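Trainee: The following block contains the structure, expressed as structure tokens.
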Amino acid sequence: MAVFAFLTACTTAPPTRRDVVIGLVGEPQTVFDDDPSARFVASAVTETLVRRDAHDELTARLAESVPTLENGGVRIVTDDPDAPDGRLVATFRLRDAKWQDGVAITASDVRFAWQQDEASAPGTLTRWTADRISDVEVLSTRDIRVLYRNGERWDDYALGPRVMPGHRLAQATADQRNAYAREPVHAGAFAIAAWLPGSITLSAFQGYVLGKPKLGRLEIHFFATRAAALQALLRGEIDIAPWPVLEADLAKTLDRFADGTRQLAHYVPTEAASMLRFGSNPNRFGDPAVREAVLLTIDRQSIVDDVFVGRARVPRTYLVPPLWAAAEDVPPAGPDRDRARALLVGAGFTKGQFGIVERGGERMTTTIGVAAGSSARTEVARRVAGDLAAIGIAAEIRERAAADLASEVQRGDFDLAITSEVAADPQLTSERWARRVDPWFDVLAGLATQAPDRSEKRAIYSEMERIWTAALPAVPLYQELRVDVAPQGLAGIEPTPSGSALSWNVSEWSFSAR
């Protein structure tokens, strides 16, 4: 009997692992900061009514279903005197869910969240989303009617309403709100158990509305640099390095590291592109011929092949597949430097000292602003500068803090800048280019907003992309490719093309039995 017991103990399988260690770059001040680290944490500890999944489809979360025209949850009201162009109205029913403190989530929490978002700073995504909504009506404890603004036919209407715990925040002081922003009590799959300098521990919320999480704990470590996170991954100190901790320019390194080991690199094309944007200085790139010359000298396919091992693609316009609104019929522009030089000559430029072209005694020297912290962007900037030198434009690379560069671009106070342009929502993306392309572009953007279905919207966006390409306010350099590294034995990892944090479905992550 003793021998039998010993043999039984030796053959008993060890328990399935229920914790995972994640590495992020940069420690946020709060869960709701506008940076990738905060978004990863927020996606694990908060929940929404509806989200986009790995197939870019709307999926219900706190809502019982996604309201649509087909299921009767959405209708277009044409007899509202306050909406002469018709109003989109959607009705949501909440699941029987609770906040992490055990209090029931109600329809009033949805209305409260919208009222808070309405008061947020103009120009933010939160405010832009809230402005798409005219009113949120509480019909019952779990039913909400959302009235969108006059003429609005927003394709992502279901993502508009969200939820906040009114019982904790409605009467909260400024200090209490600040404390909540750092350790929120929400409805996500995990709750913050401890936040110490350099790390956060998240524990599974057993009452999570979509089912008990399969993992018990998430350990999140914050690193100062991308290189430090990579080294921690290579040493086995962290299990997961989610995008954008690592970027696709590391494809060769990651492929060697993941090949035949316990790690797996997930590559997903995103609905985002890195753009070379032109500043507003008319003496630099105000001339369309000069912008076209820049387009024709940059070897974008070479950038994709060399920097990203051919995994990315060269975008054709400001909207990028797999986004449904992206047009594929816009012809790609390959490098043609003879044509580029001829365009500069036609614009009045002549070759000057050191081979730099000049016009009216002024040499064509410029700077390329690029956000610091990404070796991929910096390498792309160097290659762009080299290509520009081939036609006599001298460009100096200027690395800037991301926030500073964004501010300069917003003011138009720059010559050239490489920026990341998210295009997951074609309406929002088009509005970012308003008044920077062509008056007809802005007219069509308004028509796309009011178009009743995707087929009509797609036709309008196709024409807008043609106009955008002709005006050329920027050169699309490469489609951004997200790469997430995770253990091979961790099931449920589903990166999304819309750029959502990898933790969007963290409740489904699980290790296979050993």
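Chain identifiers are assigned as A, B, and so on, following the order in which chains appear in the structure tokens; residues are numbered from 1 within each chain, and ligands are numbered from 1 in order of appearance.
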Residues near His186 (chain A), anyone? I mean within 12 Å using only C-alpha atoms, not counting same-chain ones fewer than 5 positions away, as a PyMOL selection string.

Mentor: chain A and resi 31+41-48+62+97-105+109+162-169+180-181+191-192+205+207-209

Trainee: What lies within 6 Å of Thr201 (chain A) using only C-alpha atoms, ignoring chain neighbours under 6 positions off, as a list in words?

Mentor: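 Returned residues: Ala193, Ala194, Leu218 and Glu219 of chain A.
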
Trainee: Show me a table, sorted first by chain and then by increasing residue number, of the residues of region 347-407 of chain A having an atom at most 12 Å from region 476-489 of chain A, each with its shortest atom pair and the distance in Å to one decimal, counting only C-alpha atoms and written as a Markdown table.

Mentor:
| residue | atom | partner | partner_atom | distance |
| --- | --- | --- | --- | --- |
| A:Ala376 | CA | A:Glu480 | CA | 10.5 |
| A:Arg377 | CA | A:Tyr478 | CA | 10.4 |
| A:Val380 | CA | A:Leu477 | CA | 8.6 |
| A:Ala381 | CA | A:Leu477 | CA | 10.1 |
| A:Arg383 | CA | A:Leu477 | CA | 11.0 |
| A:Val384 | CA | A:Leu477 | CA | 9.3 |

Trainee: Quote the spacing between CA of Arg61 (chain A) and CA of Trp154 (chain A) in Å to one decimal place.

Mentor: 19.8 Å

Trainee: I'd like the neighbourhood of Asp35 (chain A) as a PyMOL selection string, where a residue qualifies if any of its atoms comes within 12 Å (using only C-alpha atoms), though same-chain residues fewer than 6 positions away should be ignored.

Mentor: chain A and resi 24-29+41-42+243-245+402-403+500-501

Trainee: Got a sec: who's within 9 Å of Pro67 (chain A), counting only C-alpha atoms, leaving out chain neighbours fewer than 5 positions off, as a compact mmCIF listing (two decimals) with N, CA and C atoms, in the first residue's frame?

Mentor:
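So the final result, stored in out38.txt, reads:
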# COMPACT_ATOMS: atom_id res chain seq x y z
N GLY A 72 -34.24 44.78 -34.28
CA GLY A 72 -35.20 45.74 -33.74
C GLY A 72 -34.66 46.63 -32.65
N GLY A 73 -33.40 46.46 -32.28
CA GLY A 73 -32.83 47.28 -31.23
C GLY A 73 -32.47 48.68 -31.68
N VAL A 74 -32.41 48.89 -33.01
CA VAL A 74 -32.09 50.21 -33.58
C VAL A 74 -33.19 50.60 -34.55
N ALA A 90 -31.14 53.79 -30.38
CA ALA A 90 -30.77 52.41 -30.02
C ALA A 90 -31.19 52.12 -28.60
N THR A 91 -31.72 50.93 -28.38
CA THR A 91 -32.13 50.50 -27.05
C THR A 91 -31.24 49.36 -26.58
N PHE A 92 -30.64 49.53 -25.42
CA PHE A 92 -29.75 48.53 -24.84
C PHE A 92 -30.41 47.95 -23.58
N ARG A 93 -30.27 46.66 -23.40
CA ARG A 93 -30.67 46.03 -22.14
C ARG A 93 -29.42 45.48 -21.47
N ALA A 158 -22.86 51.62 -31.37
CA ALA A 158 -22.98 50.77 -30.19
C ALA A 158 -21.83 50.95 -29.21

Trainee: Could you write out, as a ChimeraX atom specification, all the residues of region 167-345 of chain A that DSSP marks as strand (DSSP E or B)?

Mentor: /A:190-196,199-204,217-223,240-241,247,263-278

Trainee: Give me, please, the distance in Å between CA of Phe112 (chain A) and CA of Trp504 (chain A), quoted to one decimal.

Mentor: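 So the answer is 23.3 Å.
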
Trainee: Using only C-alpha atoms, which residues sit within 12 Å of Asp80 (chain A) once same-chain residues fewer than 4 positions away are excluded, as a list in words?

Mentor: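 Selected residues are Ile76, Pro84, Asp85, Gly86, Arg87, Leu88, Val89, Leu147, Tyr148, Arg149, Asn150 and Gly151 of chain A.
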
Trainee: Show me, as a PyMOL selection string, the residues that have an atom within 9 Å of Phe354 (chain A) when counting only C-alpha atoms, minus same-chain residues fewer than 3 positions from it.

Mentor: chain A and resi 351+357+392

Trainee: My list of candidates is A:Gly160, A:Gly352, A:Pro81, A:Pro497. Which is closest to Trp324 (chain A) when distances are computed with only C-alpha atoms?

Mentor: A:Pro497
